[in-house]
file query.txt (compact mmCIF, C-alpha atoms and all ligand atoms)
# COMPACT_ATOMS: atom_id res chain seq x y z
CA MET A 833 -10.01 -37.59 -27.28
CA PRO A 834 -9.11 -41.13 -28.50
CA ILE A 835 -9.48 -43.75 -25.77
CA ALA A 836 -5.87 -44.97 -26.23
CA LEU A 837 -4.58 -41.48 -25.53
CA GLY A 838 -6.91 -41.19 -22.55
CA VAL A 839 -5.59 -44.42 -21.10
CA LEU A 840 -2.04 -43.09 -21.51
CA VAL A 841 -2.99 -39.90 -19.65
CA LEU A 842 -4.58 -42.05 -16.91
CA LEU A 843 -1.45 -44.21 -16.56
CA ALA A 844 0.77 -41.13 -16.44
CA ALA A 845 -1.46 -39.72 -13.70
CA VAL A 846 -1.11 -42.96 -11.69
CA VAL A 847 2.70 -42.75 -11.89
CA LEU A 848 2.66 -39.05 -11.04
CA MET A 849 0.38 -39.74 -8.06
CA GLU A 850 3.05 -41.98 -6.54
CA ALA A 851 5.45 -39.02 -6.67
CA VAL A 852 2.77 -36.71 -5.21
CA ALA A 853 1.92 -39.23 -2.46
CA TYR A 854 5.63 -39.61 -1.61
CA ALA A 855 6.11 -35.84 -1.33
CA LEU A 856 2.92 -35.30 0.71
CA HIS A 857 3.71 -38.21 3.04
CA ARG A 858 7.31 -37.10 3.59
CA TRP A 859 6.96 -33.34 3.83
CA VAL A 860 3.31 -32.67 4.74
CA MET A 861 2.05 -35.65 6.76
CA HIS A 862 5.39 -35.96 8.56
CA GLY A 863 5.59 -32.15 8.79
CA ARG A 864 4.69 -30.32 11.99
CA LEU A 865 1.06 -29.58 11.02
CA GLY A 866 0.30 -32.70 8.98
CA TRP A 867 1.55 -34.89 11.81
CA LEU A 868 -1.45 -33.90 13.93
CA LEU A 869 -3.55 -36.27 11.79
CA HIS A 870 -0.85 -38.68 10.59
CA ARG A 871 0.41 -39.43 14.12
CA SER A 872 -2.62 -41.67 14.66
CA HIS A 873 -1.30 -43.95 11.90
CA HIS A 874 2.02 -44.41 13.66
CA ALA A 875 0.38 -45.44 16.95
CA PRO A 876 -1.73 -48.52 17.75
CA ARG A 877 -5.32 -48.01 16.44
CA THR A 878 -8.03 -47.91 19.10
CA GLY A 879 -11.15 -48.19 16.91
CA PRO A 880 -12.12 -48.98 13.32
CA PHE A 881 -10.92 -45.56 12.12
CA GLU A 882 -8.00 -43.26 12.81
CA GLY A 883 -7.42 -39.51 12.37
CA ASN A 884 -5.14 -40.32 9.45
CA ASP A 885 -8.19 -41.56 7.47
CA TRP A 886 -9.15 -37.93 6.82
CA TYR A 887 -6.23 -37.84 4.37
CA ALA A 888 -7.99 -40.44 2.22
CA VAL A 889 -11.07 -38.20 2.06
CA LEU A 890 -8.87 -35.20 1.25
CA PHE A 891 -6.95 -37.03 -1.49
CA ALA A 892 -10.14 -38.31 -3.10
CA ALA A 893 -11.50 -34.77 -3.42
CA PRO A 894 -9.55 -33.72 -6.56
CA SER A 895 -10.71 -36.86 -8.34
CA VAL A 896 -14.34 -36.31 -7.35
CA LEU A 897 -14.13 -32.67 -8.47
CA LEU A 898 -12.61 -33.59 -11.85
CA PHE A 899 -15.60 -35.87 -12.49
CA ALA A 900 -18.22 -33.48 -11.12
CA LEU A 901 -17.06 -30.28 -12.82
CA ASP A 902 -17.20 -29.37 -16.49
CA VAL A 903 -13.55 -30.00 -17.39
CA PRO A 904 -11.77 -31.00 -20.65
CA ALA A 905 -11.64 -34.73 -21.46
CA TRP A 906 -7.93 -35.09 -20.57
CA ALA A 907 -8.59 -33.68 -17.10
CA ARG A 908 -11.31 -36.28 -16.58
CA TRP A 909 -8.75 -38.99 -17.45
CA VAL A 910 -6.43 -37.45 -14.85
CA GLY A 911 -9.31 -37.73 -12.36
CA GLY A 912 -9.59 -41.39 -13.35
CA GLY A 913 -5.85 -41.83 -12.74
CA ILE A 914 -6.15 -40.34 -9.25
CA ALA A 915 -9.05 -42.71 -8.50
CA VAL A 916 -7.13 -45.75 -9.80
CA TYR A 917 -4.12 -44.76 -7.68
CA GLY A 918 -6.40 -44.38 -4.65
CA LEU A 919 -7.74 -47.89 -5.22
CA LEU A 920 -4.25 -49.42 -5.65
CA TYR A 921 -3.08 -47.54 -2.57
CA PHE A 922 -6.04 -48.80 -0.54
CA VAL A 923 -5.53 -52.43 -1.57
CA PHE A 924 -1.79 -52.23 -0.89
CA HIS A 925 -1.75 -50.09 2.25
CA ASP A 926 -4.97 -50.84 4.09
CA VAL A 927 -5.75 -54.38 2.94
CA LEU A 928 -2.35 -55.95 2.33
CA VAL A 929 -0.08 -54.22 4.88
CA HIS A 930 -2.38 -53.14 7.69
CA GLN A 931 -5.06 -55.84 7.19
CA ARG A 932 -7.97 -53.57 8.04
CA VAL A 933 -10.34 -55.55 5.84
CA PRO A 934 -10.88 -59.26 6.61
CA LEU A 935 -9.62 -60.44 3.22
CA ARG A 936 -7.11 -63.24 2.87
CA PHE A 937 -4.67 -61.58 0.54
CA VAL A 938 -1.05 -62.65 0.86
CA ALA A 939 1.86 -60.95 -0.89
CA ARG A 940 3.57 -63.62 -2.96
CA SER A 941 5.33 -61.81 -5.78
CA THR A 942 8.81 -60.36 -5.27
CA TYR A 943 7.46 -56.90 -6.05
CA LEU A 944 4.61 -57.07 -3.52
CA LYS A 945 6.86 -58.53 -0.82
CA ARG A 946 9.31 -55.69 -1.41
CA ILE A 947 6.78 -52.86 -1.08
CA VAL A 948 5.11 -54.51 1.94
CA GLN A 949 8.46 -54.86 3.71
CA ALA A 950 9.37 -51.28 2.82
CA HIS A 951 6.17 -49.96 4.39
CA ARG A 952 6.72 -52.09 7.49
CA LEU A 953 10.15 -50.44 7.75
CA HIS A 954 8.40 -47.07 7.50
CA HIS A 955 6.39 -48.11 10.56
CA ALA A 956 9.53 -49.16 12.45
CA VAL A 957 9.75 -45.50 13.46
CA GLU A 958 6.87 -44.14 15.54
CA ALA A 959 8.22 -40.61 15.74
CA ARG A 960 7.58 -37.83 13.22
CA GLU A 961 11.24 -37.69 12.21
CA GLY A 962 13.87 -40.28 11.39
CA GLY A 963 11.68 -42.55 9.26
CA VAL A 964 12.43 -44.15 5.91
CA SER A 965 10.41 -45.24 2.86
CA PHE A 966 7.71 -42.65 2.24
CA GLY A 967 6.58 -44.10 -1.08
CA PHE A 968 3.91 -46.77 -1.45
CA LEU A 969 3.84 -48.53 -4.80
CA TYR A 970 7.53 -48.04 -5.41
CA ALA A 971 10.21 -48.77 -2.81
CA PRO A 972 13.99 -49.11 -2.71
CA ARG A 973 15.47 -52.49 -1.76
CA PRO A 974 14.91 -53.43 1.92
CA GLU A 975 18.69 -53.63 2.49
CA THR A 976 19.00 -50.00 1.39
CA LEU A 977 16.20 -48.95 3.75
CA LYS A 978 17.64 -50.89 6.70
CA ALA A 979 21.05 -49.30 6.14
CA GLU A 980 19.35 -45.88 6.01
CA LEU A 981 17.50 -46.62 9.27
CA LYS A 982 20.78 -47.50 10.99
CA THR A 983 22.28 -44.12 10.12
CA ARG A 984 19.26 -42.27 11.53
CA GLY A 985 20.30 -42.49 15.17
CA ARG A 986 17.33 -44.71 16.02
CA ALA A 987 15.40 -41.89 17.72
CA GLY A 988 11.85 -43.08 18.30
CA LEU A 989 12.68 -46.49 16.94
CA ARG A 990 10.50 -49.39 17.94
CA ALA A 991 12.03 -52.87 18.35
CA PRO A 992 13.81 -53.43 15.00
CA ALA A 993 11.28 -54.67 12.44
CA GLY A 994 11.69 -58.18 11.11
CA GLU A 995 15.12 -58.81 12.57
ZN ZN B 1001 4.10 -42.09 7.88
ZN ZN B 1002 0.89 -47.49 7.03
call {"tool": "encode", "arguments": {"input": "query.txt", "output": "structure tokens", "more": "lines below"}}
Ligand SMILES: [Zn+2]
Ligand SMILES: [Zn+2]
result
Amino acid sequence: MPIALGVLVLLAAVVLMEAVAYALHRWVMHGRLGWLLHRSHHAPRTGPFEGNDWYAVLFAAPSVLLFALDVPAWARWVGGGIAVYGLLYFVFHDVLVHQRVPLRFVARSTYLKRIVQAHRLHHAVEAREGGVSFGFLYAPRPETLKAELKTRGRAGLRAPAGE
């Protein structure tokens, strides 16, 4: 498989992973069963880790398997795409937004500010239901999300974020 084509497959996998992450976050992690682990991420953390971290292990598994098993070249590129997405997600979510790693990394670009604010708005709701913004690397405009939050009845809403 030509490298250029492989890189295309990898990039497509990264984009697709955002859609997969959105769906899993919205319908599995905020679902009745998935919430058992994800709840820890919507409450103040008490130690260096939280139950929600098991999702990271779970989501890394397909990538690890695609590298470990004897699969066609394109599938290995997909595995690479999942790994790249995981890395971008980690830098955005755990380093930039939640500051779990002592790195001085400040969001300056319009794009980064937008996705950071969107994820903060996701955390404005501590309850399983009624939240907004389930994506990570793509987010609607903050005004759209705030308007959506207002129509949600404010059940489980913490003090309004950033207002
Ligand atoms: Zn959540
Ligand atoms: Zn978060």
call {"tool": "residues_around", "arguments": {"input": "query.txt", "residues": "His951 in chain A", "least_positions_apart": "2", "cutoff": "9 Å", "atoms": "only C-alpha atoms", "output": "VMD selection string"}}
result
chain A and resid 925 929 946 to 949 953 to 956 964 to 968 971
call {"tool": "write_last_selection", "arguments": {"input": "query.txt", "atoms": "C-alpha atoms", "output": "CSV table (one decimal), in the coordinates of the input"}}
result
chain,number,residue,atom,x,y,z
A,925,HIS,CA,-1.8,-50.1,2.2
A,929,VAL,CA,-0.1,-54.2,4.9
A,946,ARG,CA,9.3,-55.7,-1.4
A,947,ILE,CA,6.8,-52.9,-1.1
A,948,VAL,CA,5.1,-54.5,1.9
A,949,GLN,CA,8.5,-54.9,3.7
A,953,LEU,CA,10.2,-50.4,7.8
A,954,HIS,CA,8.4,-47.1,7.5
A,955,HIS,CA,6.4,-48.1,10.6
A,956,ALA,CA,9.5,-49.2,12.4
A,964,VAL,CA,12.4,-44.2,5.9
A,965,SER,CA,10.4,-45.2,2.9
A,966,PHE,CA,7.7,-42.6,2.2
A,967,GLY,CA,6.6,-44.1,-1.1
A,968,PHE,CA,3.9,-46.8,-1.4
A,971,ALA,CA,10.2,-48.8,-2.8
call {"tool": "residues_around", "arguments": {"input": "query.txt", "residues": "Leu977 in chain A", "least_positions_apart": "2", "cutoff": "8 Å", "atoms": "all atoms listed in the file", "output": "JSON list (two decimals) with C-alpha atoms, keeping the file's coordinate frame"}}
result
[["chain", "number", "residue", "atom", "x", "y", "z"],
["A", 950, "ALA", "CA", 9.37, -51.28, 2.82],
["A", 953, "LEU", "CA", 10.15, -50.44, 7.75],
["A", 964, "VAL", "CA", 12.43, -44.15, 5.91],
["A", 965, "SER", "CA", 10.41, -45.24, 2.86],
["A", 972, "PRO", "CA", 13.99, -49.11, -2.71],
["A", 973, "ARG", "CA", 15.47, -52.49, -1.76],
["A", 974, "PRO", "CA", 14.91, -53.43, 1.92],
["A", 975, "GLU", "CA", 18.69, -53.63, 2.49],
["A", 979, "ALA", "CA", 21.05, -49.30, 6.14],
["A", 980, "GLU", "CA", 19.35, -45.88, 6.01],
["A", 981, "LEU", "CA", 17.50, -46.62, 9.27]]
call {"tool": "residues_around", "arguments": {"input": "query.txt", "residues": "Val916 in chain A", "least_positions_apart": "4", "cutoff": "7 Å", "atoms": "only C-alpha atoms", "output": "ChimeraX atom specification"}}
result
/A:846,912,920
call {"tool": "residues_near_ligand", "arguments": {"input": "query.txt", "ligand": "ligand ZN 1001 (chain B)", "cutoff": "12 Å", "atoms": "only C-alpha atoms and all ligand atoms", "output": "compact mmCIF listing (two decimals) with C-alpha atoms, in the coordinates of the input"}}
result
# COMPACT_ATOMS: atom_id res chain seq x y z
CA ALA A 853 1.92 -39.23 -2.46
CA TYR A 854 5.63 -39.61 -1.61
CA ALA A 855 6.11 -35.84 -1.33
CA LEU A 856 2.92 -35.30 0.71
CA HIS A 857 3.71 -38.21 3.04
CA ARG A 858 7.31 -37.10 3.59
CA TRP A 859 6.96 -33.34 3.83
CA VAL A 860 3.31 -32.67 4.74
CA MET A 861 2.05 -35.65 6.76
CA HIS A 862 5.39 -35.96 8.56
CA GLY A 863 5.59 -32.15 8.79
CA GLY A 866 0.30 -32.70 8.98
CA TRP A 867 1.55 -34.89 11.81
CA LEU A 868 -1.45 -33.90 13.93
CA LEU A 869 -3.55 -36.27 11.79
CA HIS A 870 -0.85 -38.68 10.59
CA ARG A 871 0.41 -39.43 14.12
CA SER A 872 -2.62 -41.67 14.66
CA HIS A 873 -1.30 -43.95 11.90
CA HIS A 874 2.02 -44.41 13.66
CA ALA A 875 0.38 -45.44 16.95
CA ASN A 884 -5.14 -40.32 9.45
CA TYR A 887 -6.23 -37.84 4.37
CA HIS A 925 -1.75 -50.09 2.25
CA ALA A 950 9.37 -51.28 2.82
CA HIS A 951 6.17 -49.96 4.39
CA ARG A 952 6.72 -52.09 7.49
CA LEU A 953 10.15 -50.44 7.75
CA HIS A 954 8.40 -47.07 7.50
CA HIS A 955 6.39 -48.11 10.56
CA ALA A 956 9.53 -49.16 12.45
CA VAL A 957 9.75 -45.50 13.46
CA GLU A 958 6.87 -44.14 15.54
CA ALA A 959 8.22 -40.61 15.74
CA ARG A 960 7.58 -37.83 13.22
CA GLU A 961 11.24 -37.69 12.21
CA GLY A 962 13.87 -40.28 11.39
CA GLY A 963 11.68 -42.55 9.26
CA VAL A 964 12.43 -44.15 5.91
CA SER A 965 10.41 -45.24 2.86
CA PHE A 966 7.71 -42.65 2.24
CA GLY A 967 6.58 -44.10 -1.08
CA PHE A 968 3.91 -46.77 -1.45
call {"tool": "closest_residue", "arguments": {"input": "query.txt", "among": "A:Leu898, A:Ser941, A:Arg877, A:Arg908", "to": "ligand ZN 1002 (chain B)", "atoms": "all atoms listed in the file"}}
result
A:Arg877
call {"tool": "atom_distance", "arguments": {"input": "query.txt", "atom1": "CA of Pro894 in chain A", "atom2": "CA of Tyr943 in chain A"}}
result
28.8 Å
call {"tool": "closest_residue", "arguments": {"input": "query.txt", "among": "A:Arg864, A:Arg984, A:Lys945, A:Lys978", "to": "Phe924 in chain A", "atoms": "only C-alpha atoms"}}
result
A:Lys945
call {"tool": "axis_aligned_box", "arguments": {"input": "query.txt", "around": "range 878-888 of chain A", "padding_each_side": "8 Å", "output": "lines of an AutoDock Vina configuration file"}}
result
center_x = -8.6
center_y = -43.4
center_z = 10.7
size_x = 23.0
size_y = 27.1
size_z = 32.9
call {"tool": "closest_residue", "arguments": {"input": "query.txt", "among": "A:Met849, A:Leu928, A:Ala893, A:Val910", "to": "ligand ZN 1002 (chain B)", "atoms": "only C-alpha atoms and all ligand atoms"}}
result
A:Leu928
call {"tool": "residues_around", "arguments": {"input": "query.txt", "residues": "Pro834 in chain A", "least_positions_apart": "6", "cutoff": "12 Å", "atoms": "all atoms listed in the file", "output": "VMD selection string"}}
result
chain A and resid 840 to 841 905 to 906 909
call {"tool": "closest_residue", "arguments": {"input": "query.txt", "among": "A:Ala915, A:Ala845, A:Ala907, A:Val923", "to": "ligand ZN 1002 (chain B)", "atoms": "only C-alpha atoms and all ligand atoms"}}
result
A:Val923
call {"tool": "build_atoms", "arguments": {"input": "query.txt", "residues": "range 938-957 of chain A", "atoms": "N, CA and C atoms", "output": "JSON list (two decimals), keeping the file's coordinate frame"}}
result
[["chain", "number", "residue", "atom", "x", "y", "z"],
["A", 938, "VAL", "N", -2.44, -62.52, 0.44],
["A", 938, "VAL", "CA", -1.05, -62.65, 0.86],
["A", 938, "VAL", "C", -0.12, -62.21, -0.26],
["A", 939, "ALA", "N", 0.88, -61.41, 0.09],
["A", 939, "ALA", "CA", 1.86, -60.95, -0.89],
["A", 939, "ALA", "C", 2.77, -62.11, -1.26],
["A", 940, "ARG", "N", 2.72, -62.52, -2.53],
["A", 940, "ARG", "CA", 3.57, -63.62, -2.96],
["A", 940, "ARG", "C", 4.66, -63.18, -3.93],
["A", 941, "SER", "N", 4.34, -62.22, -4.79],
["A", 941, "SER", "CA", 5.33, -61.81, -5.78],
["A", 941, "SER", "C", 6.47, -61.04, -5.13],
["A", 942, "THR", "N", 7.62, -61.06, -5.78],
["A", 942, "THR", "CA", 8.81, -60.36, -5.27],
["A", 942, "THR", "C", 8.50, -58.89, -5.10],
["A", 943, "TYR", "N", 7.79, -58.33, -6.10],
["A", 943, "TYR", "CA", 7.46, -56.90, -6.05],
["A", 943, "TYR", "C", 6.60, -56.58, -4.83],
["A", 944, "LEU", "N", 5.52, -57.34, -4.64],
["A", 944, "LEU", "CA", 4.61, -57.07, -3.52],
["A", 944, "LEU", "C", 5.32, -57.24, -2.18],
["A", 945, "LYS", "N", 6.13, -58.30, -2.08],
["A", 945, "LYS", "CA", 6.86, -58.53, -0.82],
["A", 945, "LYS", "C", 7.77, -57.34, -0.52],
["A", 946, "ARG", "N", 8.38, -56.82, -1.58],
["A", 946, "ARG", "CA", 9.31, -55.69, -1.41],
["A", 946, "ARG", "C", 8.60, -54.44, -0.91],
["A", 947, "ILE", "N", 7.44, -54.10, -1.52],
["A", 947, "ILE", "CA", 6.78, -52.86, -1.08],
["A", 947, "ILE", "C", 6.13, -53.04, 0.29],
["A", 948, "VAL", "N", 5.68, -54.27, 0.61],
["A", 948, "VAL", "CA", 5.11, -54.51, 1.94],
["A", 948, "VAL", "C", 6.20, -54.36, 3.00],
["A", 949, "GLN", "N", 7.35, -54.96, 2.75],
["A", 949, "GLN", "CA", 8.46, -54.86, 3.71],
["A", 949, "GLN", "C", 8.91, -53.41, 3.87],
["A", 950, "ALA", "N", 8.95, -52.69, 2.76],
["A", 950, "ALA", "CA", 9.37, -51.28, 2.82],
["A", 950, "ALA", "C", 8.42, -50.47, 3.69],
["A", 951, "HIS", "N", 7.11, -50.73, 3.57],
["A", 951, "HIS", "CA", 6.17, -49.96, 4.39],
["A", 951, "HIS", "C", 6.23, -50.39, 5.85],
["A", 952, "ARG", "N", 6.53, -51.66, 6.10],
["A", 952, "ARG", "CA", 6.72, -52.09, 7.49],
["A", 952, "ARG", "C", 7.92, -51.36, 8.08],
["A", 953, "LEU", "N", 8.97, -51.16, 7.26],
["A", 953, "LEU", "CA", 10.15, -50.44, 7.75],
["A", 953, "LEU", "C", 9.81, -48.97, 8.01],
["A", 954, "HIS", "N", 8.85, -48.44, 7.22],
["A", 954, "HIS", "CA", 8.40, -47.07, 7.50],
["A", 954, "HIS", "C", 7.78, -47.01, 8.89],
["A", 955, "HIS", "N", 7.05, -48.07, 9.25],
["A", 955, "HIS", "CA", 6.39, -48.11, 10.56],
["A", 955, "HIS", "C", 7.32, -48.52, 11.70],
["A", 956, "ALA", "N", 8.58, -48.83, 11.38],
["A", 956, "ALA", "CA", 9.53, -49.16, 12.45],
["A", 956, "ALA", "C", 9.80, -47.93, 13.29],
["A", 957, "VAL", "N", 9.54, -46.75, 12.73],
["A", 957, "VAL", "CA", 9.75, -45.50, 13.46],
["A", 957, "VAL", "C", 8.39, -44.90, 13.82]]
